[in-house]
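start_7.tsv follows (TSV, C-alpha atoms (C1' of nucleotides)):
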chain	number	residue	atom	x	y	z
E	65	MET	CA	-22.16	27.66	-11.98
E	66	THR	CA	-21.06	26.30	-15.31
E	67	VAL	CA	-20.86	22.61	-15.93
E	68	PRO	CA	-18.18	21.28	-18.30
E	69	ALA	CA	-19.59	19.27	-21.18
E	70	SER	CA	-17.65	16.18	-20.20
E	71	SER	CA	-19.40	15.95	-16.84
E	72	VAL	CA	-22.52	14.91	-18.74
E	73	THR	CA	-20.75	11.74	-19.73
E	74	GLY	CA	-19.43	11.31	-16.21
E	75	HIS	CA	-15.73	11.31	-16.97
E	76	LYS	CA	-13.04	13.87	-17.56
E	77	SER	CA	-11.34	14.50	-20.84
E	78	ARG	CA	-8.01	12.88	-21.52
E	79	ASP	CA	-6.49	16.35	-21.63
E	80	ASP	CA	-7.46	17.09	-18.06
E	81	ALA	CA	-5.78	13.95	-16.88
E	82	ARG	CA	-2.64	14.79	-18.80
E	83	THR	CA	-2.59	18.26	-17.26
E	84	SER	CA	-2.83	16.68	-13.82
E	85	LEU	CA	0.09	14.43	-14.55
E	86	ARG	CA	2.20	17.18	-16.06
E	87	THR	CA	1.45	19.44	-13.13
E	88	TRP	CA	2.38	16.72	-10.69
E	89	LEU	CA	5.68	16.07	-12.43
E	90	ARG	CA	6.49	19.75	-12.36
E	91	LEU	CA	5.49	20.02	-8.72
E	92	LEU	CA	7.86	17.18	-7.94
E	93	ALA	CA	10.65	18.74	-9.97
E	94	CYS	CA	10.29	22.09	-8.17
E	95	THR	CA	10.26	20.45	-4.77
E	96	ASN	CA	13.32	18.40	-5.57
E	97	LEU	CA	15.21	21.43	-6.87
E	98	VAL	CA	14.49	23.52	-3.79
E	99	GLU	CA	14.97	20.66	-1.39
E	100	ARG	CA	18.33	19.69	-2.84
E	101	GLU	CA	19.52	23.28	-2.58
E	102	VAL	CA	18.36	23.71	1.00
E	103	ARG	CA	19.93	20.38	1.96
E	104	GLY	CA	23.23	21.40	0.42
E	105	ARG	CA	23.30	24.76	2.16
E	106	LEU	CA	22.34	23.35	5.54
E	107	ARG	CA	25.19	20.96	5.10
E	108	ASP	CA	27.75	23.52	3.95
E	109	ARG	CA	26.83	26.34	6.30
E	110	PHE	CA	25.69	24.52	9.41
E	111	ASP	CA	26.85	20.93	9.01
E	112	THR	CA	23.38	19.56	9.56
E	113	THR	CA	20.60	17.92	7.57
E	114	LEU	CA	17.11	18.94	6.52
E	115	PRO	CA	15.31	16.39	8.72
E	116	ARG	CA	17.26	17.57	11.77
E	117	PHE	CA	16.46	21.19	10.94
E	118	ASP	CA	12.80	20.29	10.50
E	119	VAL	CA	12.64	18.65	13.91
E	120	LEU	CA	14.12	21.72	15.60
E	121	ALA	CA	11.81	24.04	13.65
E	122	GLN	CA	8.72	22.07	14.57
E	123	LEU	CA	9.66	21.96	18.23
E	124	ASP	CA	10.14	25.71	18.19
E	125	ALA	CA	6.89	26.31	16.32
E	126	ALA	CA	5.03	24.18	18.83
E	127	ALA	CA	6.53	26.15	21.69
E	128	ARG	CA	5.34	29.39	20.08
E	129	GLU	CA	1.84	27.96	19.86
E	130	SER	CA	2.16	27.48	23.62
E	131	LYS	CA	2.00	23.76	23.03
E	132	ALA	CA	5.20	23.48	24.93
E	133	GLU	CA	5.16	19.72	24.96
E	134	LEU	CA	5.27	17.48	21.94
E	135	THR	CA	5.25	13.73	22.11
E	136	MET	CA	7.10	11.59	19.61
E	137	SER	CA	3.82	10.87	17.82
E	138	ASP	CA	2.84	14.56	17.72
E	139	LEU	CA	6.16	15.29	16.15
E	140	SER	CA	5.93	12.53	13.58
E	141	ARG	CA	2.47	13.74	12.54
E	142	ARG	CA	3.69	17.30	12.17
E	143	LEU	CA	6.72	16.26	10.19
E	144	MET	CA	4.72	13.75	8.15
E	145	VAL	CA	7.21	10.98	8.75
E	146	THR	CA	6.67	7.60	10.36
E	147	ASN	CA	7.15	7.12	14.04
E	148	GLY	CA	10.02	4.73	13.63
E	149	ASN	CA	11.86	7.24	11.54
E	150	LEU	CA	11.79	9.79	14.30
E	151	THR	CA	13.34	7.52	16.89
E	152	SER	CA	16.83	7.53	15.41
E	153	LEU	CA	16.53	11.17	14.34
E	154	VAL	CA	15.71	12.39	17.84
E	155	GLU	CA	18.28	9.96	19.22
E	156	ARG	CA	21.03	11.75	17.32
E	157	LEU	CA	19.76	15.20	18.32
E	158	VAL	CA	19.77	14.14	21.96
E	159	ARG	CA	23.34	12.91	21.60
E	160	GLU	CA	24.28	16.31	20.15
E	161	GLY	CA	22.56	18.07	23.04
E	162	LEU	CA	20.09	20.01	20.87
E	163	VAL	CA	17.02	18.29	22.20
E	164	LYS	CA	16.01	16.55	25.38
E	165	ARG	CA	13.61	13.69	25.82
E	166	GLU	CA	11.83	12.77	29.01
E	167	THR	CA	9.20	10.29	30.00
E	168	LEU	CA	5.84	11.76	30.88
E	169	ALA	CA	5.07	11.08	34.53
E	170	THR	CA	1.37	10.43	33.99
E	171	ASP	CA	1.88	8.00	31.11
E	172	ARG	CA	5.16	6.21	31.09
E	173	ARG	CA	4.78	5.16	27.46
E	174	THR	CA	4.97	8.65	26.05
E	175	GLN	CA	8.15	10.57	25.48
E	176	ILE	CA	8.15	14.36	25.63
E	177	VAL	CA	10.61	16.07	23.31
E	178	ARG	CA	11.88	19.58	23.97
E	179	LEU	CA	14.46	21.99	22.56
E	180	THR	CA	17.42	22.58	24.83
E	181	PRO	CA	18.81	26.13	25.10
E	182	LEU	CA	21.61	24.99	22.81
E	183	GLY	CA	19.07	23.65	20.35
E	184	LYS	CA	17.16	26.92	20.40
E	185	ARG	CA	20.34	28.92	19.80
E	186	SER	CA	21.31	26.58	16.99
E	187	LEU	CA	17.92	26.96	15.35
E	188	ASP	CA	17.93	30.75	15.75
E	189	ALA	CA	21.27	30.87	13.98
E	190	MET	CA	19.87	28.97	11.01
E	191	THR	CA	16.36	30.38	10.61
E	192	PRO	CA	17.11	33.82	9.10
E	193	GLU	CA	19.49	32.38	6.53
E	194	HIS	CA	17.05	29.64	5.68
E	195	GLN	CA	14.35	32.21	5.05
E	196	ARG	CA	16.68	34.22	2.82
E	197	TRP	CA	17.56	31.12	0.80
E	198	ILE	CA	13.92	30.37	0.15
E	199	ASP	CA	13.15	33.95	-0.68
E	200	SER	CA	15.97	34.20	-3.18
E	201	LEU	CA	14.82	30.98	-4.86
E	202	PHE	CA	11.36	32.56	-5.27
E	203	ALA	CA	12.79	35.90	-6.37
E	204	ASP	CA	11.36	35.92	-9.91
E	205	LEU	CA	7.78	35.50	-8.75
E	206	THR	CA	5.84	38.68	-8.09
E	207	PRO	CA	4.07	38.97	-4.73
E	208	SER	CA	0.73	38.29	-6.37
E	209	GLU	CA	2.10	35.24	-8.15
E	210	ARG	CA	3.42	33.90	-4.87
E	211	THR	CA	0.08	34.45	-3.24
E	212	ARG	CA	-1.76	32.80	-6.13
E	213	LEU	CA	0.59	29.82	-6.01
E	214	TYR	CA	0.05	29.58	-2.26
E	215	GLU	CA	-3.72	29.57	-2.77
E	216	LEU	CA	-3.67	26.99	-5.55
E	217	LEU	CA	-1.47	24.72	-3.47
E	218	GLY	CA	-4.00	25.08	-0.69
E	219	LYS	CA	-6.72	23.91	-3.03
E	220	LEU	CA	-4.56	21.05	-4.17
E	221	ARG	CA	-3.90	19.98	-0.60
E	222	THR	CA	-7.62	19.98	0.10
E	223	SER	CA	-8.28	18.03	-3.08
E	224	VAL	CA	-5.71	15.41	-2.17
E	225	GLN	CA	-7.08	15.10	1.35
E	226	ASN	CA	-10.63	14.75	0.05
E	227	SER	CA	-9.56	12.11	-2.40
E	228	LEU	CA	-7.76	10.16	0.31
E	229	ALA	CA	-10.71	10.46	2.70
E	230	GLU	CA	-13.11	9.08	0.08
E	231	GLU	CA	-10.79	6.25	-0.75
E	232	GLY	CA	-10.08	5.46	2.90
E	233	GLY	CA	-13.77	5.61	3.87
E	234	LYS	CA	-14.75	2.84	1.47
Z	209	MET	CA	2.81	49.05	-13.55
Z	210	THR	CA	2.79	49.67	-9.83
Z	211	VAL	CA	6.00	49.62	-7.86
Z	212	PRO	CA	5.94	48.44	-4.26
Z	213	ALA	CA	7.25	51.04	-1.83
Z	214	SER	CA	9.93	48.71	-0.55
Z	215	SER	CA	11.62	48.49	-3.95
Z	216	VAL	CA	12.74	52.07	-3.42
Z	217	THR	CA	14.88	50.88	-0.54
Z	218	GLY	CA	16.19	47.98	-2.62
Z	219	HIS	CA	14.93	45.11	-0.53
Z	220	LYS	CA	11.75	43.14	-0.25
Z	221	SER	CA	9.27	43.48	2.55
Z	222	ARG	CA	9.29	40.98	5.35
Z	223	ASP	CA	5.85	39.90	4.20
Z	224	ASP	CA	7.12	38.83	0.81
Z	225	ALA	CA	9.74	36.66	2.42
Z	226	ARG	CA	7.17	35.09	4.70
Z	227	THR	CA	4.94	34.35	1.73
Z	228	SER	CA	7.86	32.62	0.03
Z	229	LEU	CA	8.47	30.49	3.09
Z	230	ARG	CA	4.82	29.65	3.58
Z	231	THR	CA	4.47	28.77	-0.08
Z	232	TRP	CA	7.53	26.56	0.08
Z	233	LEU	CA	6.23	24.71	3.13
Z	234	ARG	CA	2.90	24.14	1.43
Z	235	LEU	CA	4.62	22.98	-1.75
Z	236	LEU	CA	6.56	20.48	0.30
Z	237	ALA	CA	3.45	19.30	2.10
Z	238	CYS	CA	1.56	18.75	-1.14
Z	239	THR	CA	4.43	16.87	-2.70
Z	240	ASN	CA	4.80	14.66	0.35
Z	241	LEU	CA	1.10	13.89	0.44
Z	242	VAL	CA	0.94	12.90	-3.20
Z	243	GLU	CA	4.26	11.09	-3.16
Z	244	ARG	CA	3.34	9.03	-0.12
Z	245	GLU	CA	0.06	8.02	-1.73
Z	246	VAL	CA	1.65	7.06	-5.02
Z	247	ARG	CA	4.36	5.11	-3.23
Z	248	GLY	CA	1.78	3.22	-1.22
Z	249	ARG	CA	-0.28	2.34	-4.26
Z	250	LEU	CA	2.69	1.26	-6.33
Z	251	ARG	CA	3.63	-0.97	-3.46
Z	252	ASP	CA	0.14	-2.41	-2.90
Z	253	ARG	CA	-0.89	-2.83	-6.51
Z	254	PHE	CA	2.38	-3.61	-8.24
Z	255	ASP	CA	4.83	-4.46	-5.50
Z	256	THR	CA	7.33	-1.89	-6.70
Z	257	THR	CA	8.72	1.45	-5.61
Z	258	LEU	CA	8.52	4.98	-6.96
Z	259	PRO	CA	12.19	5.23	-7.96
Z	260	ARG	CA	11.93	1.97	-9.90
Z	261	PHE	CA	8.78	3.20	-11.64
Z	262	ASP	CA	10.51	6.49	-12.46
Z	263	VAL	CA	13.43	4.71	-14.07
Z	264	LEU	CA	11.13	2.65	-16.28
Z	265	ALA	CA	9.05	5.71	-17.17
Z	266	GLN	CA	12.12	7.75	-18.12
Z	267	LEU	CA	13.51	4.98	-20.26
Z	268	ASP	CA	10.20	4.70	-22.05
Z	269	ALA	CA	9.90	8.47	-22.48
Z	270	ALA	CA	13.39	8.58	-23.96
Z	271	ALA	CA	12.52	5.83	-26.40
Z	272	ARG	CA	9.47	7.81	-27.53
Z	273	GLU	CA	11.68	10.82	-28.17
Z	274	SER	CA	13.63	8.49	-30.45
Z	275	LYS	CA	16.54	8.83	-28.08
Z	276	ALA	CA	16.60	5.10	-27.87
Z	277	GLU	CA	19.81	5.04	-25.88
Z	278	LEU	CA	20.32	6.50	-22.45
Z	279	THR	CA	23.55	6.29	-20.53
Z	280	MET	CA	23.67	6.02	-16.76
Z	281	SER	CA	24.54	9.72	-16.57
Z	282	ASP	CA	21.70	10.74	-18.91
Z	283	LEU	CA	19.34	8.82	-16.72
Z	284	SER	CA	20.59	10.31	-13.48
Z	285	ARG	CA	20.23	13.80	-14.93
Z	286	ARG	CA	16.67	13.12	-16.04
Z	287	LEU	CA	15.73	11.61	-12.70
Z	288	MET	CA	17.59	14.29	-10.77
Z	289	VAL	CA	19.38	11.78	-8.61
Z	290	THR	CA	23.09	11.23	-8.17
Z	291	ASN	CA	24.96	8.82	-10.35
Z	292	GLY	CA	25.89	6.56	-7.49
Z	293	ASN	CA	22.28	6.21	-6.52
Z	294	LEU	CA	21.37	4.91	-9.93
Z	295	THR	CA	23.91	2.11	-9.88
Z	296	SER	CA	22.14	0.01	-7.28
Z	297	LEU	CA	18.70	0.97	-8.61
Z	298	VAL	CA	19.47	-0.21	-12.13
Z	299	GLU	CA	21.29	-3.18	-10.66
Z	300	ARG	CA	18.06	-4.37	-9.05
Z	301	LEU	CA	16.01	-3.74	-12.18
Z	302	VAL	CA	18.51	-5.77	-14.19
Z	303	ARG	CA	18.23	-8.60	-11.68
Z	304	GLU	CA	14.44	-8.49	-12.07
Z	305	GLY	CA	14.78	-8.57	-15.85
Z	306	LEU	CA	13.00	-5.26	-16.43
Z	307	VAL	CA	16.01	-3.46	-17.83
Z	308	LYS	CA	19.19	-4.39	-19.62
Z	309	ARG	CA	22.55	-2.71	-19.46
Z	310	GLU	CA	25.29	-3.00	-22.04
Z	311	THR	CA	28.64	-1.41	-22.59
Z	312	LEU	CA	28.86	0.98	-25.51
Z	313	ALA	CA	31.24	-0.39	-28.13
Z	314	THR	CA	32.75	2.99	-29.00
Z	315	ASP	CA	33.37	4.03	-25.40
Z	316	ARG	CA	33.85	1.23	-22.98
Z	317	ARG	CA	33.29	3.52	-19.99
Z	318	THR	CA	29.67	4.22	-20.75
Z	319	GLN	CA	26.78	1.92	-19.99
Z	320	ILE	CA	23.63	1.98	-22.12
Z	321	VAL	CA	20.40	1.22	-20.28
Z	322	ARG	CA	17.32	-0.08	-22.10
Z	323	LEU	CA	13.86	-1.41	-21.25
Z	324	THR	CA	13.43	-5.12	-21.87
Z	325	PRO	CA	10.13	-6.30	-23.38
Z	326	LEU	CA	9.18	-7.45	-19.88
Z	327	GLY	CA	10.04	-4.01	-18.52
Z	328	LYS	CA	7.92	-2.36	-21.18
Z	329	ARG	CA	4.95	-4.62	-20.43
Z	330	SER	CA	5.38	-3.99	-16.72
Z	331	LEU	CA	5.41	-0.23	-17.26
Z	332	ASP	CA	2.41	-0.34	-19.60
Z	333	ALA	CA	0.46	-2.17	-16.92
Z	334	MET	CA	1.18	0.56	-14.39
Z	335	THR	CA	0.95	3.74	-16.43
Z	336	PRO	CA	-2.84	4.05	-16.88
Z	337	GLU	CA	-3.53	3.40	-13.21
Z	338	HIS	CA	-0.83	5.81	-12.18
Z	339	GLN	CA	-2.39	8.50	-14.34
Z	340	ARG	CA	-5.81	7.83	-12.81
Z	341	TRP	CA	-4.39	8.09	-9.28
Z	342	ILE	CA	-2.88	11.47	-10.01
Z	343	ASP	CA	-6.00	12.71	-11.71
Z	344	SER	CA	-8.21	11.70	-8.82
Z	345	LEU	CA	-5.90	13.47	-6.39
Z	346	PHE	CA	-6.27	16.64	-8.49
Z	347	ALA	CA	-10.02	16.17	-8.89
Z	348	ASP	CA	-11.15	19.30	-7.02
Z	349	LEU	CA	-9.11	21.66	-9.20
Z	350	THR	CA	-10.84	23.03	-12.27
Z	351	PRO	CA	-9.02	22.69	-15.60
Z	352	SER	CA	-8.10	26.35	-15.53
Z	353	GLU	CA	-6.77	26.08	-11.99
Z	354	ARG	CA	-4.63	23.12	-13.01
Z	355	THR	CA	-3.28	25.04	-15.93
Z	356	ARG	CA	-2.57	28.10	-13.80
Z	357	LEU	CA	-0.81	25.96	-11.21
Z	358	TYR	CA	1.23	24.36	-13.98
Z	359	GLU	CA	2.24	27.78	-15.27
Z	360	LEU	CA	3.16	29.16	-11.87
Z	361	LEU	CA	5.26	26.10	-11.13
Z	362	GLY	CA	7.00	26.70	-14.42
Z	363	LYS	CA	7.84	30.23	-13.32
Z	364	LEU	CA	9.03	28.92	-9.99
Z	365	ARG	CA	11.29	26.39	-11.65
Z	366	THR	CA	12.80	29.12	-13.79
Z	367	SER	CA	13.23	31.33	-10.74
Z	368	VAL	CA	15.00	28.59	-8.83
Z	369	GLN	CA	17.25	27.81	-11.77
Z	370	ASN	CA	18.12	31.48	-12.23
Z	371	SER	CA	18.90	31.81	-8.57
Z	372	LEU	CA	21.16	28.77	-8.63
Z	373	ALA	CA	22.91	29.94	-11.78
Z	374	GLU	CA	23.69	33.34	-10.24
Z	375	GLU	CA	24.96	31.75	-7.07
Z	376	GLY	CA	26.98	29.16	-8.94
Z	377	GLY	CA	28.46	31.73	-11.30
Z	378	LYS	CA	30.04	33.78	-8.53
L	112	DA	C1'	-8.05	-8.36	39.76
L	113	DC	C1'	-7.15	-9.39	35.13
L	114	DA	C1'	-7.51	-10.40	30.28
L	115	DC	C1'	-7.79	-7.89	26.22
L	116	DG	C1'	-7.79	-4.36	22.91
L	117	DT	C1'	-5.59	0.13	22.24
L	118	DT	C1'	-1.97	3.38	22.10
L	119	DG	C1'	2.98	5.09	22.07
L	120	DT	C1'	7.38	3.92	20.94
L	121	DT	C1'	11.33	1.25	19.30
L	122	DT	C1'	13.44	-2.36	16.50
L	123	DT	C1'	14.43	-4.58	12.23
L	124	DA	C1'	15.10	-5.30	7.42
L	125	DA	C1'	15.17	-3.41	3.07
L	126	DG	C1'	15.63	0.23	-0.01
L	127	DC	C1'	16.71	5.10	-1.32
L	128	DA	C1'	19.86	9.12	-1.35
L	129	DT	C1'	23.98	11.81	-1.00
L	130	DA	C1'	28.97	12.95	-0.94
L	131	DT	C1'	33.31	11.40	-1.52
L	132	DA	C1'	36.77	8.40	-3.12
L	133	DA	C1'	38.25	4.95	-6.24
L	134	DT	C1'	38.52	2.78	-10.78
L	135	DA	C1'	38.50	2.54	-15.62
L	136	DT	C1'	38.61	4.54	-19.95
L	137	DC	C1'	39.23	8.12	-23.17
L	138	DT	C1'	41.55	12.29	-25.33
L	139	DG	C1'	44.76	15.57	-26.57
L	140	DA	C1'	49.22	18.16	-26.03
L	141	DG	C1'	53.78	17.52	-26.51
V	91	DC	C1'	53.64	7.36	-28.15
V	92	DT	C1'	52.71	8.73	-23.60
V	93	DC	C1'	51.11	10.82	-19.79
V	94	DA	C1'	48.19	14.35	-17.58
V	95	DG	C1'	43.69	15.73	-17.32
V	96	DA	C1'	38.78	14.81	-18.23
V	97	DT	C1'	34.81	11.81	-18.23
V	98	DA	C1'	31.72	7.69	-16.94
V	99	DT	C1'	30.75	4.71	-13.68
V	100	DT	C1'	31.01	2.12	-9.38
V	101	DA	C1'	32.21	1.50	-4.37
V	102	DT	C1'	31.95	3.05	0.32
V	103	DA	C1'	30.24	5.24	4.38
V	104	DT	C1'	26.57	7.56	6.43
V	105	DG	C1'	22.06	8.87	7.06
V	106	DC	C1'	17.02	8.98	5.93
V	107	DT	C1'	12.69	6.48	5.09
V	108	DT	C1'	9.23	3.12	5.26
V	109	DA	C1'	6.52	-1.08	6.62
V	110	DA	C1'	5.98	-4.49	9.71
V	111	DA	C1'	6.79	-6.65	13.90
V	112	DA	C1'	7.91	-6.38	18.66
V	113	DC	C1'	7.51	-4.37	23.03
V	114	DA	C1'	5.64	-1.73	26.81
V	115	DA	C1'	2.18	0.65	29.28
V	116	DC	C1'	-2.49	1.99	29.66
V	117	DG	C1'	-7.48	1.46	30.59
V	118	DT	C1'	-11.80	-0.77	30.54
V	119	DG	C1'	-15.37	-4.25	31.06
V	120	DT	C1'	-16.35	-8.18	33.54
Would you write out, as structure tokens, the structure that this file holds?
Amino acid sequence: MTVPASSVTGHKSRDDARTSLRTWLRLLACTNLVEREVRGRLRDRFDTTLPRFDVLAQLDAAARESKAELTMSDLSRRLMVTNGNLTSLVERLVREGLVKRETLATDRRTQIVRLTPLGKRSLDAMTPEHQRWIDSLFADLTPSERTRLYELLGKLRTSVQNSLAEEGGK
Amino acid sequence: MTVPASSVTGHKSRDDARTSLRTWLRLLACTNLVEREVRGRLRDRFDTTLPRFDVLAQLDAAARESKAELTMSDLSRRLMVTNGNLTSLVERLVREGLVKRETLATDRRTQIVRLTPLGKRSLDAMTPEHQRWIDSLFADLTPSERTRLYELLGKLRTSVQNSLAEEGGK
DNA sequence: ACACGTTGTTTTAAGCATATAATATCTGAG
DNA sequence: CTCAGATATTATATGCTTAAAACAACGTGT
């Protein structure tokens, strides 16, 4: 394994740090571009929002993993949003009949959230188009580039998690 | 150059589409992780928010490019947020004395936004720490991995922009 | 039994974001 | 000159997001 010269001195070069920052800014720009587009299309085509879509998609994904039951906290962890955020979001979905919420008999604090048949149908109508949108946005990347990007983002995620764990453990 | 079998039939394989989707979800997860962390630190260390920081950083970047003057619309384009959003954001920064806004003499519709000396000092206090945060989050990526990620994200951005241009041009 | 810390959820207050409509100003064709 | 667009910004309504506090239910050690 090769050791970069700068590690002798115990700090990274200024260039490395600038590359990190530039990469982060570009990551953010890409995410915003895609997210804005997906938001707009969900709105135009299905009159819904990205957070609502995400809730339905996560509930469906959980069901496929045979974790038929998700609590509010499970859902907020999966969606990476705060618990309080989810309350009003699920509230609206319940009002629209896409989701149902029921108190768990064995622990009356916890709320179980489930897709209704209507919610499932609604999601199934959106999913194929959503996938096509994403695919067309990625169209100029070759399969191997996509795979490489996927891998590098995996490394980045691990790096971020490690960094947070170190920081949090102090 | 090898040609995938599916290109004979004129459409991509299902696998390619799934890779796009998986890559997109991972991109979003990474962005959310980093963004949440940066938000939290800006809040804890400097009692400010990411959008506010972004406004200051863009104003400073523009000044360095000797584009000393940015209008509200310039700024909203650079930040990739809507014009209406910026109004209240800049409003708050003006109230805090970090930014000043003045009407352009030659066109009384347009507002020029500028960093105040206080705003510049405030930004300069935050910038080095911000760069260190980002760099530590990227710590596990080698320089060449960072560079490769940067390049691939550049390709992705181009791909997204091409896709939007085609769609918009119809 | 019961006080106390923990866990799951909701509420609240503030800020961010968008789309749409309104307002103000400019510009150019006639 | 004047008025019909075009452009720059702000206002409004709605929804998302977070942090922090409040609330409710659980479970354990005494």
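Residues of chain Z lying within 6 Å of chain E, counting only C-alpha atoms, are Ala225, Ser228, Thr231, Cys238, Asp343, Leu345, Phe346, Asp348, Tyr358, Arg365, Ser367, Val368 and Ser371 of chain Z.
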**Report entry** Expected answer as a list in words: chain L residues within 8 Å of chain Z, all atoms listed in the file
**Finding:**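 Taking all atoms listed in the file into account, DC127, DA128, DT129, DA135, DT136 and DC137 of chain L sit within 8 Å of chain Z.
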Requested in this report: Identify all chain V residues at most 10 Å from chain Z by counting all atoms listed in the file; ligands do not count. Present them as a list of chain:residue names.
Outcome: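 In the required form, that comes to V:DT97, V:DA98, V:DT99, V:DT100, V:DA101, V:DT108.
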Listing only residues of chain V within 9 Å of region 114-122 of chain L, what is the closest atom pair and its distance in Å (to one decimal) for each, using all atoms listed in the file, sorted by chain and residue number ascending, as a Markdown table?
| residue | atom | partner | partner_atom | distance |
| --- | --- | --- | --- | --- |
| V:DA111 | C1' | L:DT122 | C1' | 8.3 |
| V:DA112 | C1' | L:DT122 | C1' | 7.2 |
| V:DC113 | C1' | L:DT121 | C1' | 7.8 |
| V:DA114 | C1' | L:DT120 | C1' | 8.3 |
| V:DA115 | C1' | L:DG119 | C1' | 8.5 |
| V:DC116 | C1' | L:DT118 | C1' | 7.7 |
| V:DG117 | C1' | L:DT117 | C1' | 8.7 |
Using the selection just defined, write its residues with C-alpha atoms (C1' of nucleotides) as a short mmCIF file (atom, residue, chain, number, x, y, z; two decimals), in the coordinates of the input.
data_model
loop_
_atom_site.label_atom_id
_atom_site.label_comp_id
_atom_site.auth_asym_id
_atom_site.auth_seq_id
_atom_site.Cartn_x
_atom_site.Cartn_y
_atom_site.Cartn_z
"C1'" DA V 111 6.79 -6.65 13.90
"C1'" DA V 112 7.91 -6.38 18.66
"C1'" DC V 113 7.51 -4.37 23.03
"C1'" DA V 114 5.64 -1.73 26.81
"C1'" DA V 115 2.18 0.65 29.28
"C1'" DC V 116 -2.49 1.99 29.66
"C1'" DG V 117 -7.48 1.46 30.59
#
Query raised in the report: List as a ChimeraX atom specification: which residues have an atom within 12 Å of (14.1, -8.8, -11.2), counting only C-alpha atoms (C1' of nucleotides)?
Result: /Z:255-256,260,297-308,324,326-327,330
Report summary line: re CA of Arg178 (chain E) and CA of Arg105 (chain E): distance 25.2 Å
Report task. Excluding DG95 (chain V) and any residue of its chain fewer than 5 positions from it, enumerate the residues within 12 Å of it, using all atoms listed in the file, and give them as a VMD selection string. Result -> chain L and resid 137 to 140
